[in-house]
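*Asks:* The following file, target-v9.txt, comprises compact mmCIF, C-alpha atoms:
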# COMPACT_ATOMS: atom_id res chain seq x y z
CA MET A 18 29.49 -1.88 1.14
CA ILE A 19 29.14 -0.95 -2.54
CA ASN A 20 30.31 -4.42 -3.61
CA GLY A 21 27.78 -5.96 -1.25
CA MET A 22 24.99 -3.99 -2.94
CA LYS A 23 25.85 -5.09 -6.49
CA ARG A 24 23.52 -8.10 -6.67
CA PRO A 25 20.57 -6.32 -5.01
CA LEU A 26 21.10 -3.44 -7.44
CA VAL A 27 20.97 -5.88 -10.37
CA VAL A 28 17.73 -7.30 -8.94
CA ALA A 29 16.37 -3.77 -8.61
CA PHE A 30 17.33 -3.03 -12.22
CA VAL A 31 15.39 -6.09 -13.38
CA ALA A 32 12.42 -4.90 -11.31
CA LEU A 33 12.77 -1.43 -12.85
CA SER A 34 12.74 -2.95 -16.34
CA ILE A 35 9.55 -4.87 -15.55
CA VAL A 36 7.79 -1.88 -13.97
CA VAL A 37 8.75 0.49 -16.81
CA THR A 38 7.71 -2.05 -19.45
CA VAL A 39 4.33 -2.68 -17.84
CA GLY A 40 3.83 1.05 -17.31
CA LEU A 41 4.68 2.01 -20.90
CA VAL A 42 2.58 -0.79 -22.41
CA ASN A 43 -0.42 0.49 -20.47
CA TYR A 44 0.38 4.14 -21.17
CA TRP A 45 0.73 3.71 -24.94
CA GLY A 46 -1.63 0.79 -25.39
CA HIS A 47 -4.38 0.62 -22.79
CA PHE A 48 -4.53 4.40 -22.20
CA HIS A 49 -3.53 5.55 -25.74
CA GLY A 50 -0.85 7.92 -24.47
CA GLU A 51 -3.00 9.53 -21.76
CA ILE A 52 -1.38 9.64 -18.31
CA LEU A 53 -4.78 10.24 -16.65
CA GLY A 54 -5.62 6.63 -17.47
CA PHE A 55 -3.63 5.72 -14.35
CA PHE A 56 -6.22 7.42 -12.11
CA ARG A 57 -9.55 5.77 -13.02
CA ILE A 58 -11.39 9.08 -12.96
CA GLY A 59 -15.16 8.95 -12.51
CA THR A 60 -17.87 11.34 -13.63
CA VAL A 61 -19.96 11.69 -10.46
CA ILE A 62 -17.63 13.98 -8.45
CA PRO A 63 -16.49 17.31 -10.01
CA HIS A 64 -12.93 17.21 -11.29
CA SER A 65 -10.13 19.42 -10.01
CA PRO A 66 -10.31 22.91 -11.53
CA TYR A 67 -6.63 22.47 -12.47
CA LEU A 68 -7.25 19.23 -14.36
CA GLY A 69 -8.85 20.55 -17.52
CA ASP A 70 -10.76 18.31 -19.89
CA VAL A 71 -10.35 14.59 -19.27
CA PRO A 72 -10.42 12.48 -22.47
CA LYS A 73 -13.54 10.33 -22.63
CA HIS A 74 -11.62 7.12 -23.28
CA VAL A 75 -10.09 7.19 -19.77
CA LEU A 76 -13.25 8.29 -17.93
CA SER A 77 -15.28 5.79 -15.94
CA GLU A 78 -18.78 6.90 -16.88
CA GLY A 79 -21.33 6.89 -14.07
CA GLU A 80 -18.73 5.94 -11.44
CA LEU A 81 -17.58 7.88 -8.39
CA GLY A 82 -13.96 7.26 -9.36
CA TYR A 83 -11.11 5.61 -7.50
CA ASP A 84 -8.87 6.96 -4.73
CA GLY A 85 -6.14 8.02 -7.16
CA GLN A 86 -8.48 10.64 -8.60
CA PHE A 87 -8.66 12.37 -5.22
CA PHE A 88 -4.91 12.16 -4.57
CA LEU A 89 -4.46 13.83 -7.96
CA ALA A 90 -6.85 16.65 -7.00
CA ILE A 91 -4.85 17.29 -3.80
CA ALA A 92 -1.50 17.09 -5.59
CA LEU A 93 -2.68 19.72 -8.09
CA ASP A 94 -3.56 22.05 -5.20
CA PRO A 95 -1.89 20.78 -1.98
CA GLY A 96 -3.00 23.87 -0.06
CA LEU A 97 -6.63 23.49 -1.26
CA GLN A 98 -6.57 27.22 -2.01
CA GLN A 99 -8.96 26.93 -4.95
CA GLY A 100 -12.52 26.26 -3.77
CA GLY A 101 -13.09 23.79 -6.55
CA SER A 102 -10.32 21.58 -5.12
CA VAL A 103 -12.34 20.79 -2.00
CA ALA A 104 -15.42 20.11 -4.15
CA ALA A 105 -13.32 17.59 -6.13
CA LEU A 106 -12.91 15.42 -3.02
CA ASP A 107 -15.56 12.87 -2.11
CA ASN A 108 -14.60 13.01 1.59
CA PRO A 109 -12.36 16.07 2.17
CA ARG A 110 -11.23 15.47 5.76
CA TYR A 111 -10.62 11.77 5.14
CA ARG A 112 -8.62 12.35 1.94
CA TYR A 113 -6.65 15.39 3.04
CA ARG A 114 -5.14 13.76 6.10
CA ARG A 115 -3.15 11.49 3.74
CA ILE A 116 -1.08 14.40 2.50
CA PHE A 117 2.47 13.11 1.99
CA TYR A 118 1.97 11.31 -1.35
CA PRO A 119 0.27 14.23 -3.15
CA PHE A 120 2.56 16.77 -1.47
CA LEU A 121 5.64 14.87 -2.62
CA ALA A 122 4.30 14.75 -6.19
CA SER A 123 3.61 18.49 -6.10
CA LEU A 124 7.15 19.11 -4.83
CA ILE A 125 8.72 16.96 -7.56
CA SER A 126 6.62 18.71 -10.22
CA LEU A 127 8.19 22.10 -9.37
CA GLY A 128 4.88 23.90 -9.85
CA TYR A 129 4.13 22.49 -13.31
CA LYS A 130 0.56 21.20 -13.05
CA SER A 131 0.91 19.12 -16.21
CA ALA A 132 3.76 17.19 -14.59
CA VAL A 133 1.80 16.24 -11.45
CA PRO A 134 0.10 13.08 -12.83
CA TYR A 135 3.46 11.83 -14.13
CA ALA A 136 5.04 12.50 -10.73
CA LEU A 137 2.36 10.50 -8.90
CA VAL A 138 2.79 7.52 -11.24
CA GLY A 139 6.58 7.88 -11.09
CA ILE A 140 6.61 7.88 -7.29
CA ASN A 141 4.69 4.61 -7.23
CA GLY A 142 6.97 3.00 -9.79
CA ALA A 143 10.06 4.14 -7.86
CA CYS A 144 8.61 2.86 -4.57
CA LEU A 145 7.85 -0.54 -6.10
CA VAL A 146 11.45 -0.83 -7.33
CA GLY A 147 12.67 0.48 -3.97
CA ILE A 148 10.76 -2.23 -2.11
CA VAL A 149 12.35 -4.91 -4.30
CA PHE A 150 15.82 -3.44 -3.68
CA VAL A 151 15.51 -3.21 0.12
CA VAL A 152 14.04 -6.72 0.37
CA ALA A 153 16.77 -8.10 -1.92
CA LEU A 154 19.42 -6.42 0.25
CA TRP A 155 17.77 -7.88 3.37
CA PHE A 156 17.79 -11.37 1.85
CA GLN A 157 21.46 -11.13 0.85
CA GLU A 158 22.39 -10.10 4.37
CA SER A 159 20.32 -13.02 5.70
CA GLY A 160 22.17 -15.56 3.54
CA LEU A 161 19.39 -15.97 0.96
CA SER A 162 19.36 -15.21 -2.74
CA PRO A 163 18.59 -11.52 -3.38
CA TRP A 164 16.59 -12.65 -6.43
CA LEU A 165 13.84 -13.61 -4.00
CA GLY A 166 13.22 -9.87 -3.72
CA LEU A 167 11.41 -10.06 -7.08
CA LEU A 168 8.61 -11.91 -5.27
CA ALA A 169 7.51 -8.44 -4.12
CA LEU A 170 6.21 -8.03 -7.67
CA GLY A 171 4.06 -11.09 -7.04
CA ILE A 172 1.82 -9.29 -4.52
CA VAL A 173 -1.42 -8.46 -6.34
CA GLY A 174 -1.95 -5.24 -4.38
CA VAL A 175 1.25 -3.58 -5.60
CA TRP A 176 -0.01 -3.63 -9.20
CA ILE A 177 -3.48 -2.43 -8.21
CA VAL A 178 -1.86 0.58 -6.55
CA PHE A 179 0.48 1.16 -9.51
CA PHE A 180 -2.36 1.11 -12.05
CA LEU A 181 -4.74 3.22 -9.93
CA SER A 182 -2.21 5.65 -8.39
CA THR A 183 -3.06 5.50 -4.70
CA ALA A 184 -0.72 6.22 -1.78
CA ASP A 185 -0.22 2.65 -0.59
CA LEU A 186 3.05 1.90 -2.40
CA LEU A 187 4.73 4.91 -0.82
CA ALA A 188 3.39 3.84 2.58
CA SER A 189 4.62 0.27 2.01
CA PHE A 190 8.06 1.44 0.94
CA LEU A 191 8.33 3.52 4.12
CA LEU A 192 7.24 0.48 6.16
CA ILE A 193 9.90 -1.73 4.54
CA ILE A 194 12.53 0.98 5.16
CA SER A 195 11.35 1.15 8.78
CA LEU A 196 11.70 -2.59 9.26
CA TYR A 197 15.12 -2.72 7.59
CA ALA A 198 16.37 0.17 9.74
CA TYR A 199 14.91 -1.37 12.90
CA PHE A 200 16.60 -4.69 12.21
CA HIS A 201 19.89 -2.77 11.92
CA CYS A 202 19.26 -0.87 15.18
CA ARG A 203 18.73 2.46 13.39
CA VAL A 204 15.75 3.44 15.49
CA TRP A 205 15.76 7.12 14.50
CA ILE A 206 15.49 6.17 10.81
CA THR A 207 12.68 3.79 11.73
CA ALA A 208 10.84 6.56 13.58
CA LEU A 209 11.31 9.09 10.75
CA ALA A 210 10.13 6.62 8.11
CA MET A 211 7.09 5.66 10.20
CA ALA A 212 6.31 9.36 10.80
CA ALA A 213 6.26 9.87 7.03
CA ALA A 214 4.20 6.70 6.65
CA GLY A 215 1.64 8.09 9.10
CA LEU A 216 1.28 11.19 6.93
CA THR A 217 0.88 8.93 3.89
CA HIS A 218 -1.64 6.45 5.27
CA GLU A 219 -2.52 6.86 8.94
CA THR A 220 -3.34 3.16 9.43
CA LEU A 221 0.40 2.43 9.11
CA LEU A 222 0.83 3.95 12.57
CA LEU A 223 -0.98 0.90 13.94
CA VAL A 224 1.99 -1.19 12.80
CA LEU A 225 4.10 0.76 15.29
CA GLY A 226 2.58 -1.65 17.80
CA GLY A 227 4.85 -4.35 16.41
CA PHE A 228 7.94 -2.20 16.96
CA TRP A 229 6.75 -1.16 20.41
CA PHE A 230 6.21 -4.74 21.46
CA GLY A 231 9.71 -5.65 20.32
CA ALA A 232 11.15 -2.76 22.33
CA LEU A 233 9.07 -3.72 25.38
CA LEU A 234 10.34 -7.29 25.30
CA LYS A 235 13.89 -5.94 25.34
CA ARG A 236 12.96 -3.29 27.96
CA ASN A 237 14.50 -0.73 25.67
CA TRP A 238 12.76 2.40 26.93
CA ARG A 239 14.85 4.72 24.77
CA ASP A 240 13.71 3.04 21.55
CA LEU A 241 10.14 2.97 22.83
CA LEU A 242 10.20 6.74 23.40
CA ILE A 243 11.77 7.49 20.01
CA LEU A 244 9.23 5.30 18.23
CA ALA A 245 6.39 6.97 20.13
CA LEU A 246 7.48 10.32 18.66
CA ALA A 247 6.63 8.98 15.19
CA ILE A 248 2.95 9.60 15.97
CA LEU A 249 3.38 13.36 16.43
CA PRO A 250 3.52 14.59 12.78
CA ALA A 251 0.33 12.74 11.81
CA GLY A 252 -1.34 13.86 15.03
CA VAL A 253 -0.52 17.52 14.42
CA TRP A 254 -1.56 17.30 10.76
CA ASN A 255 -4.89 15.64 11.62
CA ILE A 256 -5.68 18.42 14.10
CA HIS A 257 -4.94 20.96 11.35
CA VAL A 258 -7.22 19.10 8.91
CA LEU A 259 -10.07 19.05 11.42
CA LYS A 260 -9.74 22.81 11.90
CA ALA A 261 -9.17 23.74 8.26
CA LEU A 262 -11.90 21.70 6.56
CA PRO A 263 -15.63 21.77 7.25
CA VAL A 264 -17.48 18.79 8.72
CA HIS A 265 -20.04 18.87 5.91
CA GLY A 266 -19.32 16.21 3.30
CA SER A 267 -16.72 14.42 5.43
CA THR A 268 -16.72 11.26 7.53
CA THR A 269 -14.03 9.53 9.56
CA GLY A 270 -14.23 6.36 7.47
CA PHE A 271 -14.41 4.35 10.70
CA PHE A 272 -18.06 3.32 10.71
CA GLU A 273 -18.03 2.54 6.99
CA ASN A 274 -14.95 0.33 7.14
CA PHE A 275 -15.17 -1.46 10.50
CA THR A 276 -17.69 -3.80 12.06
CA LEU A 277 -18.07 -6.58 14.67
CA PRO A 278 -15.18 -9.08 14.90
CA ALA A 279 -15.02 -11.46 11.91
CA GLU A 280 -18.38 -10.26 10.54
CA GLY A 281 -16.81 -8.88 7.36
CA ALA A 282 -14.72 -12.00 6.65
CA VAL A 283 -17.61 -14.39 7.39
CA THR A 284 -19.93 -12.38 5.15
CA LYS A 285 -17.30 -12.47 2.40
CA ILE A 286 -17.05 -16.26 2.59
CA ARG A 287 -20.84 -16.63 2.63
CA VAL A 288 -21.22 -14.40 -0.43
CA PHE A 289 -18.50 -16.31 -2.26
CA LEU A 290 -20.21 -19.66 -1.59
CA MET A 291 -23.66 -18.39 -2.61
CA ASP A 292 -22.86 -16.31 -5.71
CA PRO A 293 -22.79 -17.98 -9.14
CA LEU A 294 -19.28 -18.88 -10.28
CA SER A 295 -17.58 -16.66 -12.84
CA VAL A 296 -13.96 -15.86 -13.67
CA LYS A 297 -14.24 -12.61 -11.73
CA ALA A 298 -15.83 -14.29 -8.69
CA MET A 299 -13.25 -17.08 -8.70
CA TYR A 300 -10.36 -14.60 -8.89
CA ASP A 301 -11.92 -12.48 -6.16
CA GLY A 302 -12.32 -15.52 -3.91
CA PHE A 303 -8.86 -16.89 -4.73
CA THR A 304 -7.08 -13.67 -3.77
CA PHE A 305 -9.21 -13.31 -0.63
CA PHE A 306 -8.20 -16.79 0.56
CA LEU A 307 -4.59 -16.05 -0.41
CA ILE A 308 -4.53 -13.11 2.00
CA THR A 309 -6.19 -15.25 4.65
CA GLY A 310 -3.55 -17.93 4.06
CA MET A 311 -0.71 -15.39 4.29
CA LEU A 312 -1.82 -14.36 7.76
CA VAL A 313 -1.45 -17.91 9.12
CA PRO A 314 2.35 -18.41 8.80
CA LEU A 315 2.94 -14.70 9.40
CA CYS A 316 1.08 -14.63 12.72
CA PHE A 317 1.21 -18.22 13.97
CA GLY A 318 4.36 -19.81 12.54
CA PRO A 319 7.23 -20.50 14.98
CA LYS A 320 9.75 -17.67 15.05
CA GLN A 321 13.43 -18.20 15.75
CA SER A 322 14.77 -14.66 15.70
CA ASP A 323 14.10 -11.19 17.09
CA GLN A 324 13.33 -10.01 13.55
CA GLY A 325 10.80 -12.78 13.12
CA ARG A 326 9.03 -11.75 16.30
CA VAL A 327 8.77 -8.14 15.15
CA LEU A 328 7.33 -9.28 11.81
CA ARG A 329 4.88 -11.51 13.69
CA TRP A 330 3.56 -8.63 15.79
CA CYS A 331 3.29 -6.38 12.77
CA GLY A 332 1.32 -9.21 11.17
CA VAL A 333 -0.93 -9.48 14.21
CA VAL A 334 -1.92 -5.83 13.67
CA TYR A 335 -3.12 -6.78 10.18
CA LEU A 336 -4.85 -9.87 11.55
CA ILE A 337 -6.81 -7.63 13.93
CA LEU A 338 -7.69 -5.34 10.99
CA TYR A 339 -8.70 -8.41 8.96
CA LEU A 340 -11.09 -9.44 11.72
CA LEU A 341 -12.56 -5.95 12.16
CA VAL A 342 -12.97 -4.55 8.65
CA SER A 343 -16.45 -4.58 7.16
CA MET A 344 -17.76 -6.19 4.00
CA GLN A 345 -17.31 -2.81 2.33
CA VAL A 346 -13.54 -3.47 2.37
CA PHE A 347 -13.85 -7.14 1.38
CA GLU A 348 -16.49 -6.53 -1.28
CA TYR A 349 -14.15 -6.18 -4.25
CA TYR A 350 -10.66 -7.54 -4.93
CA LEU A 351 -9.37 -4.12 -5.98
CA GLY A 352 -10.08 -2.98 -2.43
CA PHE A 353 -9.01 -5.74 -0.08
CA ASN A 354 -5.87 -6.66 -2.04
CA ARG A 355 -4.75 -3.04 -1.72
CA VAL A 356 -5.68 -2.71 1.97
CA PHE A 357 -3.87 -5.94 2.92
CA MET A 358 -0.96 -5.58 0.49
CA ASN A 359 1.52 -5.27 3.37
CA VAL A 360 0.55 -8.72 4.65
CA GLY A 361 2.25 -10.19 1.58
CA LEU A 362 5.29 -7.93 1.96
CA LEU A 363 5.67 -8.83 5.65
CA LEU A 364 5.40 -12.52 4.78
CA LEU A 365 8.03 -12.01 2.09
CA MET A 366 10.48 -10.44 4.55
CA GLY A 367 9.72 -13.36 6.84
CA LEU A 368 11.47 -15.72 4.41
CA ALA A 369 14.68 -14.72 6.19
CA ASP A 370 13.40 -16.83 9.10
CA PRO A 371 13.71 -20.55 8.19
CA SER A 372 10.52 -21.61 9.99
CA TRP A 373 7.76 -22.68 7.57
CA ARG A 374 9.83 -21.29 4.70
CA SER A 375 8.47 -23.78 2.15
CA VAL A 376 4.90 -22.84 3.12
CA LYS A 377 5.67 -19.14 2.71
CA VAL A 378 7.32 -19.69 -0.68
CA GLY A 379 4.33 -21.76 -1.82
CA ILE A 380 1.84 -19.04 -0.86
CA LEU A 381 3.98 -16.32 -2.44
CA GLY A 382 4.26 -18.44 -5.58
CA LEU A 383 0.46 -18.67 -5.85
CA SER A 384 0.28 -14.95 -5.25
CA SER A 385 2.71 -14.38 -8.12
CA VAL A 386 0.44 -16.34 -10.46
CA ALA A 387 -2.53 -14.21 -9.37
CA SER A 388 -0.44 -11.07 -9.80
CA LEU A 389 0.60 -12.03 -13.34
CA PHE A 390 -3.02 -12.79 -14.22
CA PHE A 391 -4.10 -9.36 -12.95
CA VAL A 392 -1.38 -7.47 -14.85
CA ILE A 393 -2.22 -9.24 -18.12
CA ALA A 394 -5.99 -8.80 -17.71
CA TYR A 395 -5.66 -5.11 -16.78
CA THR A 396 -3.25 -4.39 -19.61
CA LEU A 397 -5.65 -5.99 -22.07
CA GLY A 398 -8.46 -3.76 -20.76
CA LEU A 399 -10.44 -6.66 -19.30
CA ILE A 400 -10.66 -5.03 -15.85
As structure tokens, how would this structure be written, given the file I've shared?

*Replies:*
Amino acid sequence: MINGMKRPLVVAFVALSIVVTVGLVNYWGHFHGEILGFFRIGTVIPHSPYLGDVPKHVLSEGELGYDGQFFLAIALDPGLQQGGSVAALDNPRYRYRRIFYPFLASLISLGYKSAVPYALVGINGACLVGIVFVVALWFQESGLSPWLGLLALGIVGVWIVFFLSTADLLASFLLIISLYAYFHCRVWITALAMAAAGLTHETLLLVLGGFWFGALLKRNWRDLLILALAILPAGVWNIHVLKALPVHGSTTGFFENFTLPAEGAVTKIRVFLMDPLSVKAMYDGFTFFLITGMLVPLCFGPKQSDQGRVLRWCGVVYLILYLLVSMQVFEYYLGFNRVFMNVGLLLLMGLADPSWRSVKVGILGLSSVASLFFVIAYTLGLI
């Protein structure tokens, strides 16, 4: 077993070298040695009372801030015991239900508040390397080169999450672990990983539909029951959040993010065709159409294996989300590339199925070019 993991481990080490290099270049260069640069902190919402003074060179003046800012506020006070912690959240109920990422960072930090930002960034870096390792291991077992696992670094969304410190990389890592365990008939590991994923980003529980459908086709009622239990931790936590936090200042996020079928995507295409061309608009449009293109082979390509069918149904969940999300999600490439990051990772795992493999590799290759462009532009402070 250890010998069989050697090549995937080498691939993971290469991924680790890339992630650490990119992280340190941004930390020392772009952010001038300030870890809070990884959180894109705005000036509109009050900061966490545990944060202290934020250096001006990493503040986004006049902006609300990005999601990482709010995960940081929760990680600094996971029990929200200090009143100022709730005030530091733009949407308390919505943010607090995604507890696992900030809680894990708080746990790793051992109570040292100054270590919390480093823990959040470190978790994301470790999850990115972990995704590469698990995918490389999956490819080796499927008779492919484990080096193809490095294509995970070619998904634009993974770098957006790494630079802005949101919970999506942890959620994606748990999804990849779930799939790998499911393909090896380790249903309890699948259920536990998906339970943790639900506490990280509740939308991941929708992907359980893909696992359920696979179990239904096999009439495996035991697996279906075990997988259904994965919903319970997030369900219990959400009930607690609704009771613990006031309604004032909170929304569900549903009405802001969802709309009539295809309205968001059609509006996005219309805006792209009507707006004047610029480098930013072209990149935005290119990555939008990349995600659209990824959904085609993922959801509609012929599948020749049980694993391929499970990946297809997981992809269908994201296709439904793609058709239902509003223009608010599609408005900016930092948003939709993060929300649909798992589409690229599912397509990548789908390389193990030979159907349309050249098409998948071509799309992932284009995505890698877009990913490299984003990393360079962000590191140079152009974004």

*Asks:* With only C-alpha atoms as the basis for distance, which of A:Val204, A:Leu216, A:Leu167, A:Val327 is at the shortest distance from Pro119 in chain A?

*Replies:*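 Among A:Val204, A:Leu216, A:Leu167, A:Val327, it is A:Leu216 that comes nearest to Pro119 in chain A.
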
*Asks:* Counting only C-alpha atoms, what are the residues of range 259-376 of chain A within 12 Å of range 81-92 of chain A, and for each of them which pair of atoms is the nearest and at what distance in Å, to one decimal? Sort the table by chain and rising number, as JSON lines.

*Replies:*
{"residue": "A:Leu351", "atom": "CA", "partner": "A:Tyr83", "partner_atom": "CA", "distance": 10.0}
{"residue": "A:Gly352", "atom": "CA", "partner": "A:Tyr83", "partner_atom": "CA", "distance": 10.0}
{"residue": "A:Arg355", "atom": "CA", "partner": "A:Asp84", "partner_atom": "CA", "distance": 11.2}

*Asks:* Find the residues near Ser195 in chain A: any atom within 10 Å, counting all atoms listed in the file, skip ones fewer than 5 places away on the same chain, and give them as a PyMOL selection string.

*Replies:* chain A and resi 189-190+200-201+203-212+214+225+228

*Asks:* For Gly226 in chain A, which residue out of A:Val133, A:Met311, A:Ile337, A:Ala184 is the nearest one, using only C-alpha atoms?

*Replies:*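 Closest residue, counting only C-alpha atoms: A:Ile337.
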
*Asks:* List the spatial neighbours of range 385-388 of chain A as a ChimeraX atom specification - criterion: any atom at most 10 Å away, all atoms listed in the file, same-chain residues fewer than 6 positions off excluded.

*Replies:* /A:167-177,300,303-304,307,379,394

*Asks:* Work out how far apart CA of Asp370 in chain A and CA of Gln324 in chain A are and give it in Å to one decimal.

*Replies:*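 Taking CA of Asp370 in chain A as the start and CA of Gln324 in chain A as the end point, the length is 8.1 Å.
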
*Asks:* Can you measure CA of Ala105 in chain A to CA of His64 in chain A for me? One decimal in Å is fine.

*Replies:* 5.2 Å

*Asks:* When distances are computed from all atoms listed in the file, which of A:Leu241, A:Leu365, A:Val39, A:Leu186 shows the smallest separation from Leu165 in chain A?

*Replies:* A:Leu365

*Asks:* For Ile58 in chain A, which residue among A:Leu181, A:Ile116, A:Ile308, A:Val152 is the nearest when counting all atoms listed in the file?

*Replies:*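 With all atoms listed in the file as the atom set, the closest residue is A:Leu181.
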
*Asks:* What does the structure give for the distance between CA of Thr60 in chain A and CA of His74 in chain A, in Å to one decimal?

*Replies:*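 Interatomic distance, CA of Thr60 in chain A to CA of His74 in chain A: 12.2 Å.
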
*Asks:* Counting all atoms listed in the file, which residue out of A:Ala261, A:Val149, A:Glu51, A:Gly101 sits closest to Pro63 in chain A?

*Replies:*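 Counting all atoms listed in the file, the residue closest to Pro63 in chain A is A:Gly101.
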
*Asks:* Got a sec: who's within 12 Å of Val31 in chain A, counting all atoms listed in the file, leaving out chain neighbours fewer than 3 positions off, as a list in words?

*Replies:* Arg24, Pro25, Leu26, Val27, Val28, Ser34, Ile35, Val36, Val37, Thr38, Leu145, Val146, Gly147, Val149, Phe150, Ala153, Pro163, Trp164, Gly166, Leu167 and Leu170 of chain A

*Asks:* Quick one: of A:Asp70, A:Glu280, A:Asp185, A:Glu78, who's nearest to Ile140 in chain A, counting all atoms listed in the file?

*Replies:* A:Asp185

*Asks:* Dig up all the protein and nucleic acid residues within 12 Å of (-22.0, -12.4, -5.3) in the file frame, using all atoms listed in the file, and format them as an MDAnalysis selection string.

*Replies:* chainID A and resid 284:295 297:299 301:302 344 347:349

*Asks:* If we count all atoms listed in the file, what is near Thr217 in chain A at a cut-off of 6 Å, once residues fewer than 5 positions away on the same chain are taken out, given as a PyMOL selection string?

*Replies:* chain A and resi 115-118+188

*Asks:* Hey, can you pull every residue with an atom no more than 7 Å from (-2.8, 18.1, 4.4), using only C-alpha atoms, and send it as number ranges by chain?

*Replies:* A: 95, 113-116, 254, 258

*Asks:* Compile the contact shell of Val333 in chain A as an MDAnalysis selection string: residues with an atom at most 12 Å away, counting all atoms listed in the file, same-chain residues fewer than 5 positions apart removed.

*Replies:* chainID A and resid 223:228 230 311:318 326:328 338:340 359:360 363:364

*Asks:* Quick one: range 374-385 of chain A with N, CA and C atoms, as a PDB file, keeping the file's coordinate frame?

*Replies:*
ATOM      1  N   ARG A 374       9.410 -22.009   5.896  1.00  0.00           N
ATOM      2  CA  ARG A 374       9.830 -21.290   4.700  1.00  0.00           C
ATOM      3  C   ARG A 374       9.181 -21.849   3.436  1.00  0.00           C
ATOM      4  N   SER A 375       9.068 -23.168   3.347  1.00  0.00           N
ATOM      5  CA  SER A 375       8.470 -23.780   2.150  1.00  0.00           C
ATOM      6  C   SER A 375       7.000 -23.391   2.012  1.00  0.00           C
ATOM      7  N   VAL A 376       6.306 -23.265   3.140  1.00  0.00           N
ATOM      8  CA  VAL A 376       4.900 -22.840   3.120  1.00  0.00           C
ATOM      9  C   VAL A 376       4.799 -21.408   2.619  1.00  0.00           C
ATOM     10  N   LYS A 377       5.672 -20.554   3.128  1.00  0.00           N
ATOM     11  CA  LYS A 377       5.670 -19.140   2.710  1.00  0.00           C
ATOM     12  C   LYS A 377       5.960 -19.012   1.217  1.00  0.00           C
ATOM     13  N   VAL A 378       6.964 -19.750   0.739  1.00  0.00           N
ATOM     14  CA  VAL A 378       7.320 -19.690  -0.680  1.00  0.00           C
ATOM     15  C   VAL A 378       6.163 -20.181  -1.539  1.00  0.00           C
ATOM     16  N   GLY A 379       5.481 -21.239  -1.083  1.00  0.00           N
ATOM     17  CA  GLY A 379       4.330 -21.760  -1.820  1.00  0.00           C
ATOM     18  C   GLY A 379       3.220 -20.736  -1.941  1.00  0.00           C
ATOM     19  N   ILE A 380       2.905 -20.055  -0.836  1.00  0.00           N
ATOM     20  CA  ILE A 380       1.840 -19.040  -0.860  1.00  0.00           C
ATOM     21  C   ILE A 380       2.243 -17.866  -1.743  1.00  0.00           C
ATOM     22  N   LEU A 381       3.505 -17.431  -1.628  1.00  0.00           N
ATOM     23  CA  LEU A 381       3.980 -16.320  -2.440  1.00  0.00           C
ATOM     24  C   LEU A 381       4.032 -16.698  -3.923  1.00  0.00           C
ATOM     25  N   GLY A 382       4.288 -17.966  -4.192  1.00  0.00           N
ATOM     26  CA  GLY A 382       4.260 -18.440  -5.580  1.00  0.00           C
ATOM     27  C   GLY A 382       2.856 -18.360  -6.161  1.00  0.00           C
ATOM     28  N   LEU A 383       1.859 -18.780  -5.400  1.00  0.00           N
ATOM     29  CA  LEU A 383       0.460 -18.670  -5.850  1.00  0.00           C
ATOM     30  C   LEU A 383       0.066 -17.214  -6.037  1.00  0.00           C
ATOM     31  N   SER A 384       0.561 -16.374  -5.130  1.00  0.00           N
ATOM     32  CA  SER A 384       0.280 -14.950  -5.250  1.00  0.00           C
ATOM     33  C   SER A 384       0.888 -14.380  -6.529  1.00  0.00           C
ATOM     34  N   SER A 385       2.059 -14.857  -6.898  1.00  0.00           N
ATOM     35  CA  SER A 385       2.710 -14.380  -8.120  1.00  0.00           C
ATOM     36  C   SER A 385       1.903 -14.744  -9.354  1.00  0.00           C
TER      37      SER A 385
END
